[in-house]
Amino acid sequence: MFVALSPGHPDPMYKQVTDQLKDAIASGDLKPNDRLPSVRELSEALDVSAITVKRAYADLETDGYILTRAGLGSFVVPVEADALRARKLAEMREELRRIVRGSARFGITVEDVIRLTREVEGD
Amino acid sequence: MDPILRRSSFYYATSVVTYMALMGRYFITRSWPVFEIIPLFMPVWLASALLASEHDERYAFLRTLPVADRSVARVKFLLILTAAAVEWFLMVLVASLRTADGAATSSTFVFVTLVCAAGMLVTGGLQVAVWRFGLSAVRPAVIVAIAASLALLIGHTFALKRVDAWFAFSELPPIAWLGGAPWLSSAALVTLALAAYAGLMRVGVRVKASSEAHL
Amino acid sequence: MDTVVEARSLTKRYEDFSLRDVSLEVRCGSIAGIFGPNAAGKSTLLKVLAHQAPLQTGSLRVFGLSFEDAEQELKNRIGYVPQEPVYYPDKTVQWIARFAAPYFAHWDGAGFYALLDQFKVNPLKKVKHLSGGQKKMLSLALAFSHGADLLILDEPTAGLDVVHRRALLDRLRAFVAGGERTVIVASHITDGLDAIAEEVWFLDDGRAVLHESKDELLSRWKRIHYRDGALPQAIEDRLVQVKRQPFGSSGLTGEFPALRDALTGPLARGDAKLDSASLEDILLSIIKGA
């Protein structure tokens with residue numbers, strides 16, 4: 001598992017933790033039924049307050065990614081791959097919308113973007 | 001008037017006025033040994049004026065102003081000179097008025113000139129010491145010296161009146177000898193004192209510029 | 001006038017501290033920031049530059065002139081704010097201004113009182129009743145109000161609240177905006193002055209250990225977060241201030257342009273993340289070494 005927080009990032013710290021843990025789950029870094037680090041462990045490792053980590057874990061549970069069992073810890077819920085893919089696609093849609101809109105200003109067509117995408121794929 | 005000069009001259013002006021009003025009046029009202037005792041108090045008053053002036057001074061502030069440090073040093077030296085000169089002049093004036101009734105003799109002029117010159121040079125030296133070592137380092141010693149001087153002077157005053165064989169500074173042989181030609185001697189002494197003072201001022205200007213203890 | 005301050009090999013020895021062989025050049029129109037830990041010599045350096053303390057060896061020219069020859073002219077053109085301003089304690093702020101004004105060739109009384117008003121300093125208050133921050137603001141008001149072309153400020157934001165600090169930073173930016181006036185400021189980085197500094201000097205233990213434009217400094221220094229083992233060993237070895245944690249390590253590098261290519265892979269794979277390095281991070285790295 002790899003989490004890197006940035007104080008200058010526009011998102012608040014707890015959201016950065018939430019988003020990066022969701023990515024870890026989606027990419028298989030954290031597998032279903034894996035035990036997450038304890039709140040204290042993670043807050044010490046990331047150098048953030050326990051409140052921040054608790055909030056992140058609470059959000060993850062609300063969104064259905066993890067389950068917390070009192071006394072035992074928090075565990076990754078087996079989420080359907082489709083649901084994870086759908087979430088990632090939604091994120092990418094936003095980024096692509098920015099790219100397509102932005103490139104239009106410079107006279108770059110969608111075809112150019114698609115060609116570029118294929119080229120990058122080959123790198 | 002230049003603000004720095006105006007502020008500092010207050011202490012010296014006050015010192016001269018109070019010295020002459022409190023002690024100098026005895027020149028007119030009393031006889032012997034008034035011309036022996038009163039002048040001897042002059043250096044003490046001048047040194048006290050310096051202490052008071054330096055206590056209230058803030059050289060760190062003056063350094064931030066567009067005034068050459070040399071100028072500040074010279075202003076302080078000129079004030080000491082002026083105070084001493086005024087007091088010397090008034091003493092000489094009164095002494096010449098009282099030679100008629102014998103309270104002052106020709107050696108009085110020499111004596112008064114010597115004491116005022118010494119007071120001026122000592123106070124100038126103290127000014128340089130304050131710049132070099134800082135007021136808090138110099139003040140205790142000066143206060144002790146002033147207290148000791150006052151004690152000695154008061155003792156001297158008593159002794160002059162009550163002890164038959166007690167000596168008077170103003171009648172010591174060298175002074176009496178110089179008193180043979182009082183105007184010449186005084187002129188020579190004044191010239192020497194001013195020359196020495198000018199040298200002291202040059203030293204003082206250099207010391208102030210290179211020292212930070214007084215800031 | 002291109003170079004406003006030209007200092008070569010400044011040395012000044014105190015009993016327990018020395019400024020050693022510090023050379024400095026400040027261009028007209030820039031804001032030069034001098035940063036460093038406590039007792040690094042920032043105040044001493046500024047005092048020497050503003051002719052508040054004599055220098056022992058070395059040469060100093062401001063506006064092309066030396067203080068020996070043109071002390072009065074230079075002090076007219078320089079506005080100096082000390083770390084601990086000193087004024088006659090029993091006098092009012094107004095009295096202090098009236099005392100100082102005749103010495104300046106271009107005293108701006110209206111501007112001075114306007115600044116006092118903005119800083120909320122009561123001109124009728126005695127200096128001894130002012131707080132440290134208010135004395136600082138008086139000092140700033142004096143420095144800004146006599147037509148100075150060069151401001152030399154020692155921790156000007158110390159004791160200022162957030163509103164006044166921001167107002168000061170804005171005012172300093174406006175001060176140099178025409179390209180004709182210059183600011184030299186010394187402080188701790190956390191005072192916010194690193195935001196407006198264009199040239200950066202780091203002092204440590206009496207020596208200048210770094211001088212660079214801030215833009216260059218921030219473009220070559222980066223913080224790299226990475227998954228353990230994701231970076232080529234050669235690169236990991238060159239990182240400084242490395243912190244290893246169970247869920248990722250991070251380190252600083254001052255050679256980012258050289259490492260950029262080697263980092264593209266890990267960055268693309270999401271095994272590494274790039275972050276900016278703060279001036280404070282950079283100062284600590286340089287002072288502490290690897």
# chains A, B, ... in the order shown; residues from 1 in each chain; ligands from 1
$ residues_around --residues "stretch 74-88 of chain C" --least-positions-apart "3" --cutoff "6 Å" --atoms "only C-alpha atoms" --output "PyMOL selection string"
(chain B and resi 61+66) or (chain C and resi 71+91+139+143+148-155)
$ residues_around --residues "B:Val44" --least-positions-apart "6" --cutoff "8 Å" --atoms "only C-alpha atoms" --output "number ranges by chain"
B: 119, 146, 149-150
$ residues_around --residues "stretch 3-12 of chain A" --least-positions-apart "2" --cutoff "8 Å" --atoms "only C-alpha atoms" --output "PyMOL selection string"
(chain A and resi 1+14-17+20-21+46) or (chain C and resi 225-226+247-248+273+275)
$ interface_residues --of "chain C" --to "chain A" --cutoff "12 Å" --atoms "only C-alpha atoms" --output "ChimeraX atom specification"
/C:223-230,243-251,264-265,268-278
$ write_last_selection --atoms "C-alpha atoms" --output "short mmCIF file (atom, residue, chain, number, x, y, z; two decimals), in the first residue's frame"
data_model
loop_
_atom_site.label_atom_id
_atom_site.label_comp_id
_atom_site.auth_asym_id
_atom_site.auth_seq_id
_atom_site.Cartn_x
_atom_site.Cartn_y
_atom_site.Cartn_z
CA ARG C 223 9.93 16.21 -2.73
CA ILE C 224 9.42 12.70 -4.06
CA HIS C 225 7.02 10.28 -2.39
CA TYR C 226 7.59 6.71 -3.52
CA ARG C 227 6.66 3.13 -2.87
CA ASP C 228 9.57 1.20 -1.42
CA GLY C 229 11.64 -0.30 -4.18
CA ALA C 230 9.88 1.65 -6.90
CA LYS C 243 11.83 9.38 5.62
CA ARG C 244 10.83 5.74 5.50
CA GLN C 245 7.30 4.84 6.49
CA PRO C 246 5.34 1.60 6.22
CA PHE C 247 3.13 3.02 3.49
CA GLY C 248 5.62 4.90 1.40
CA SER C 249 8.88 6.78 1.71
CA SER C 250 9.74 10.32 0.77
CA GLY C 251 12.89 12.26 0.13
CA THR C 264 8.76 9.30 -15.59
CA GLY C 265 8.22 5.55 -15.32
CA ALA C 268 3.28 7.10 -14.61
CA ARG C 269 2.79 3.82 -12.82
CA GLY C 270 1.57 5.61 -9.73
CA ASP C 271 4.48 4.26 -7.69
CA ALA C 272 5.85 7.73 -7.11
CA LYS C 273 4.37 11.17 -6.57
CA LEU C 274 5.95 14.57 -6.99
CA ASP C 275 5.43 17.36 -4.52
CA SER C 276 6.89 20.82 -4.16
CA ALA C 277 9.65 21.39 -1.64
CA SER C 278 9.18 24.35 0.67
#
$ select_by_dssp --residues "stretch 35-273 of chain C" --states "strand (DSSP E)" --output "VMD selection string"
chain C and resid 35 57 to 62 78 to 81 150 to 154 182 to 187 199 to 204 207 to 213 222 to 226 240 to 245 248 to 253 272 to 273
$ closest_atom_pairs --of "chain B" --to "chain C" --cutoff "9 Å" --atoms "only C-alpha atoms" --output "tab-separated table"
residue	atom	partner	partner_atom	distance
B:Asp2	CA	C:Pro102	CA	8.0
B:Pro3	CA	C:Phe99	CA	5.8
B:Ile4	CA	C:Phe99	CA	8.0
B:Asp56	CA	C:Tyr88	CA	7.3
B:Glu57	CA	C:Tyr88	CA	7.2
B:Arg58	CA	C:Tyr88	CA	6.2
B:Tyr59	CA	C:Val86	CA	8.7
B:Ala60	CA	C:Val86	CA	6.3
B:Phe61	CA	C:Val86	CA	5.6
B:Leu62	CA	C:Ala100	CA	8.7
B:Arg63	CA	C:Gln52	CA	6.2
B:Thr64	CA	C:Tyr80	CA	6.7
B:Leu65	CA	C:Lys75	CA	6.5
B:Pro66	CA	C:Lys75	CA	4.6
B:Val67	CA	C:Gln72	CA	5.5
B:Ala68	CA	C:Gln72	CA	5.7
B:Asp69	CA	C:Glu71	CA	8.4
B:Ala209	CA	C:Pro54	CA	7.1
B:Ser210	CA	C:Pro54	CA	5.8
B:Ser211	CA	C:Pro54	CA	7.6
B:Glu212	CA	C:Ala53	CA	6.7
$ atom_distance --atom1 "atom CA of B:Ala188" --atom2 "atom CA of B:Val203"
22.8 Å
$ select_by_dssp --residues "stretch 11-163 of chain C" --states "helix (DSSP H, G or I)" --output "VMD selection string"
chain C and resid 42 to 49 67 to 77 93 to 103 109 to 118 127 to 129 132 to 144 162 to 163
$ closest_residue --among "A:Lys22, A:Pro32, A:Ile51, A:Ser27" --to "A:Asp63" --atoms "only C-alpha atoms"
A:Lys22
$ decode --residues "stretch 28-168 of chain C" --atoms "C-alpha atoms" --output "PDB file, in the first residue's frame"
ATOM      1  CA  CYS C  28      17.892  47.218  -8.134  1.00  0.00           C
ATOM      2  CA  GLY C  29      14.175  46.474  -8.133  1.00  0.00           C
ATOM      3  CA  SER C  30      14.429  43.112  -6.401  1.00  0.00           C
ATOM      4  CA  ILE C  31      13.382  41.750  -3.056  1.00  0.00           C
ATOM      5  CA  ALA C  32      16.249  39.871  -1.456  1.00  0.00           C
ATOM      6  CA  GLY C  33      15.396  37.457   1.328  1.00  0.00           C
ATOM      7  CA  ILE C  34      18.029  36.438   3.872  1.00  0.00           C
ATOM      8  CA  PHE C  35      16.998  33.363   5.783  1.00  0.00           C
ATOM      9  CA  GLY C  36      18.593  31.102   8.295  1.00  0.00           C
ATOM     10  CA  PRO C  37      18.340  29.694  11.795  1.00  0.00           C
ATOM     11  CA  ASN C  38      18.732  31.785  14.910  1.00  0.00           C
ATOM     12  CA  ALA C  39      22.210  33.188  15.423  1.00  0.00           C
ATOM     13  CA  ALA C  40      23.069  32.589  11.793  1.00  0.00           C
ATOM     14  CA  GLY C  41      24.163  36.200  11.440  1.00  0.00           C
ATOM     15  CA  LYS C  42      21.154  37.686   9.647  1.00  0.00           C
ATOM     16  CA  SER C  43      20.795  40.639  12.008  1.00  0.00           C
ATOM     17  CA  THR C  44      24.521  41.246  12.076  1.00  0.00           C
ATOM     18  CA  LEU C  45      24.677  41.247   8.299  1.00  0.00           C
ATOM     19  CA  LEU C  46      21.805  43.688   8.021  1.00  0.00           C
ATOM     20  CA  LYS C  47      23.333  45.953  10.651  1.00  0.00           C
ATOM     21  CA  VAL C  48      26.545  46.067   8.660  1.00  0.00           C
ATOM     22  CA  LEU C  49      24.680  46.765   5.415  1.00  0.00           C
ATOM     23  CA  ALA C  50      22.751  49.608   7.051  1.00  0.00           C
ATOM     24  CA  HIS C  51      25.850  51.027   8.743  1.00  0.00           C
ATOM     25  CA  GLN C  52      24.493  50.328  12.202  1.00  0.00           C
ATOM     26  CA  ALA C  53      27.535  48.304  13.160  1.00  0.00           C
ATOM     27  CA  PRO C  54      31.082  48.785  11.909  1.00  0.00           C
ATOM     28  CA  LEU C  55      32.505  46.103   9.674  1.00  0.00           C
ATOM     29  CA  GLN C  56      35.942  44.750  10.365  1.00  0.00           C
ATOM     30  CA  THR C  57      37.148  43.611   7.001  1.00  0.00           C
ATOM     31  CA  GLY C  58      35.661  43.613   3.550  1.00  0.00           C
ATOM     32  CA  SER C  59      34.141  46.296   1.402  1.00  0.00           C
ATOM     33  CA  LEU C  60      30.645  47.635   1.108  1.00  0.00           C
ATOM     34  CA  ARG C  61      29.193  49.919  -1.506  1.00  0.00           C
ATOM     35  CA  VAL C  62      25.577  51.002  -1.573  1.00  0.00           C
ATOM     36  CA  PHE C  63      24.297  52.890  -4.606  1.00  0.00           C
ATOM     37  CA  GLY C  64      27.915  52.876  -5.676  1.00  0.00           C
ATOM     38  CA  LEU C  65      28.968  54.904  -2.627  1.00  0.00           C
ATOM     39  CA  SER C  66      30.804  54.020   0.558  1.00  0.00           C
ATOM     40  CA  PHE C  67      29.580  54.952   4.016  1.00  0.00           C
ATOM     41  CA  GLU C  68      32.913  56.578   4.842  1.00  0.00           C
ATOM     42  CA  ASP C  69      32.341  59.127   2.110  1.00  0.00           C
ATOM     43  CA  ALA C  70      28.579  59.527   2.036  1.00  0.00           C
ATOM     44  CA  GLU C  71      27.079  58.435   5.343  1.00  0.00           C
ATOM     45  CA  GLN C  72      24.441  61.118   5.448  1.00  0.00           C
ATOM     46  CA  GLU C  73      23.326  60.690   1.853  1.00  0.00           C
ATOM     47  CA  LEU C  74      23.135  56.924   2.167  1.00  0.00           C
ATOM     48  CA  LYS C  75      21.172  57.015   5.403  1.00  0.00           C
ATOM     49  CA  ASN C  76      18.715  59.324   3.688  1.00  0.00           C
ATOM     50  CA  ARG C  77      18.226  56.796   0.931  1.00  0.00           C
ATOM     51  CA  ILE C  78      18.040  53.770   3.206  1.00  0.00           C
ATOM     52  CA  GLY C  79      15.108  52.869   5.438  1.00  0.00           C
ATOM     53  CA  TYR C  80      16.283  50.555   8.194  1.00  0.00           C
ATOM     54  CA  VAL C  81      14.080  48.584  10.560  1.00  0.00           C
ATOM     55  CA  PRO C  82      16.026  46.843  13.336  1.00  0.00           C
ATOM     56  CA  GLN C  83      15.033  43.623  15.021  1.00  0.00           C
ATOM     57  CA  GLU C  84      14.383  45.525  18.261  1.00  0.00           C
ATOM     58  CA  PRO C  85      13.682  49.187  17.516  1.00  0.00           C
ATOM     59  CA  VAL C  86      14.869  51.657  20.133  1.00  0.00           C
ATOM     60  CA  TYR C  87      13.353  55.076  20.826  1.00  0.00           C
ATOM     61  CA  TYR C  88      13.324  57.506  23.737  1.00  0.00           C
ATOM     62  CA  PRO C  89      10.895  55.648  26.015  1.00  0.00           C
ATOM     63  CA  ASP C  90       9.289  58.674  27.653  1.00  0.00           C
ATOM     64  CA  LYS C  91       8.451  60.426  24.420  1.00  0.00           C
ATOM     65  CA  THR C  92       5.362  60.065  22.287  1.00  0.00           C
ATOM     66  CA  VAL C  93       5.357  58.651  18.776  1.00  0.00           C
ATOM     67  CA  GLN C  94       4.564  62.109  17.483  1.00  0.00           C
ATOM     68  CA  TRP C  95       7.531  63.573  19.351  1.00  0.00           C
ATOM     69  CA  ILE C  96       9.830  60.957  17.850  1.00  0.00           C
ATOM     70  CA  ALA C  97       8.626  61.849  14.362  1.00  0.00           C
ATOM     71  CA  ARG C  98       9.120  65.567  15.012  1.00  0.00           C
ATOM     72  CA  PHE C  99      12.614  64.801  16.294  1.00  0.00           C
ATOM     73  CA  ALA C 100      13.584  62.730  13.272  1.00  0.00           C
ATOM     74  CA  ALA C 101      11.881  64.709  10.502  1.00  0.00           C
ATOM     75  CA  PRO C 102      14.351  67.619  10.211  1.00  0.00           C
ATOM     76  CA  TYR C 103      17.193  65.222   9.502  1.00  0.00           C
ATOM     77  CA  PHE C 104      15.577  63.715   6.434  1.00  0.00           C
ATOM     78  CA  ALA C 105      15.848  65.442   3.092  1.00  0.00           C
ATOM     79  CA  HIS C 106      12.457  64.165   1.918  1.00  0.00           C
ATOM     80  CA  TRP C 107      10.248  63.698   4.953  1.00  0.00           C
ATOM     81  CA  ASP C 108       6.670  62.712   4.148  1.00  0.00           C
ATOM     82  CA  GLY C 109       4.668  63.624   7.239  1.00  0.00           C
ATOM     83  CA  ALA C 110       1.287  62.957   5.687  1.00  0.00           C
ATOM     84  CA  GLY C 111       2.407  59.529   4.560  1.00  0.00           C
ATOM     85  CA  PHE C 112       3.865  58.792   7.993  1.00  0.00           C
ATOM     86  CA  TYR C 113       0.657  59.556   9.843  1.00  0.00           C
ATOM     87  CA  ALA C 114      -1.406  57.699   7.244  1.00  0.00           C
ATOM     88  CA  LEU C 115       0.746  54.625   7.885  1.00  0.00           C
ATOM     89  CA  LEU C 116       0.397  54.979  11.633  1.00  0.00           C
ATOM     90  CA  ASP C 117      -3.334  55.137  11.118  1.00  0.00           C
ATOM     91  CA  GLN C 118      -3.307  52.013   8.977  1.00  0.00           C
ATOM     92  CA  PHE C 119      -1.126  50.210  11.510  1.00  0.00           C
ATOM     93  CA  LYS C 120      -3.406  51.439  14.291  1.00  0.00           C
ATOM     94  CA  VAL C 121      -0.606  53.055  16.267  1.00  0.00           C
ATOM     95  CA  ASN C 122      -1.724  56.053  18.314  1.00  0.00           C
ATOM     96  CA  PRO C 123       0.679  58.951  17.712  1.00  0.00           C
ATOM     97  CA  LEU C 124       0.029  60.324  21.185  1.00  0.00           C
ATOM     98  CA  LYS C 125       1.120  57.170  22.949  1.00  0.00           C
ATOM     99  CA  LYS C 126       4.468  57.112  24.697  1.00  0.00           C
ATOM    100  CA  VAL C 127       7.019  54.703  23.339  1.00  0.00           C
ATOM    101  CA  LYS C 128       7.263  52.850  26.633  1.00  0.00           C
ATOM    102  CA  HIS C 129       3.568  52.010  26.359  1.00  0.00           C
ATOM    103  CA  LEU C 130       3.881  50.500  22.906  1.00  0.00           C
ATOM    104  CA  SER C 131       3.992  46.760  22.400  1.00  0.00           C
ATOM    105  CA  GLY C 132       6.888  45.192  20.554  1.00  0.00           C
ATOM    106  CA  GLY C 133       4.774  44.900  17.426  1.00  0.00           C
ATOM    107  CA  GLN C 134       3.741  48.533  17.635  1.00  0.00           C
ATOM    108  CA  LYS C 135       7.349  49.667  17.984  1.00  0.00           C
ATOM    109  CA  LYS C 136       8.068  47.623  14.873  1.00  0.00           C
ATOM    110  CA  MET C 137       5.250  49.381  13.087  1.00  0.00           C
ATOM    111  CA  LEU C 138       6.566  52.785  14.152  1.00  0.00           C
ATOM    112  CA  SER C 139       9.934  51.788  12.789  1.00  0.00           C
ATOM    113  CA  LEU C 140       8.337  50.667   9.527  1.00  0.00           C
ATOM    114  CA  ALA C 141       6.355  53.885   9.259  1.00  0.00           C
ATOM    115  CA  LEU C 142       9.563  55.905   9.656  1.00  0.00           C
ATOM    116  CA  ALA C 143      11.366  53.750   7.111  1.00  0.00           C
ATOM    117  CA  PHE C 144       8.629  54.195   4.518  1.00  0.00           C
ATOM    118  CA  SER C 145       8.244  57.918   5.042  1.00  0.00           C
ATOM    119  CA  HIS C 146      11.464  59.558   4.007  1.00  0.00           C
ATOM    120  CA  GLY C 147      11.791  58.756   0.340  1.00  0.00           C
ATOM    121  CA  ALA C 148      14.102  55.799   0.780  1.00  0.00           C
ATOM    122  CA  ASP C 149      15.133  53.784  -2.272  1.00  0.00           C
ATOM    123  CA  LEU C 150      16.380  50.828  -0.285  1.00  0.00           C
ATOM    124  CA  LEU C 151      14.655  49.181   2.628  1.00  0.00           C
ATOM    125  CA  ILE C 152      16.694  47.001   4.946  1.00  0.00           C
ATOM    126  CA  LEU C 153      14.284  45.197   7.233  1.00  0.00           C
ATOM    127  CA  ASP C 154      15.173  42.841  10.076  1.00  0.00           C
ATOM    128  CA  GLU C 155      12.227  40.540  10.826  1.00  0.00           C
ATOM    129  CA  PRO C 156       9.658  43.172   9.938  1.00  0.00           C
ATOM    130  CA  THR C 157       6.700  40.856  10.437  1.00  0.00           C
ATOM    131  CA  ALA C 158       7.658  39.809  13.965  1.00  0.00           C
ATOM    132  CA  GLY C 159       4.931  40.875  16.353  1.00  0.00           C
ATOM    133  CA  LEU C 160       2.517  41.795  13.570  1.00  0.00           C
ATOM    134  CA  ASP C 161      -0.858  40.171  13.422  1.00  0.00           C
ATOM    135  CA  VAL C 162      -2.013  38.405  10.286  1.00  0.00           C
ATOM    136  CA  VAL C 163      -3.828  41.406   8.832  1.00  0.00           C
ATOM    137  CA  HIS C 164      -0.913  43.787   9.265  1.00  0.00           C
ATOM    138  CA  ARG C 165       1.569  41.215   8.056  1.00  0.00           C
ATOM    139  CA  ARG C 166      -0.354  40.789   4.825  1.00  0.00           C
ATOM    140  CA  ALA C 167      -0.656  44.567   4.443  1.00  0.00           C
ATOM    141  CA  LEU C 168       3.102  44.869   4.861  1.00  0.00           C
TER     142      LEU C 168
END
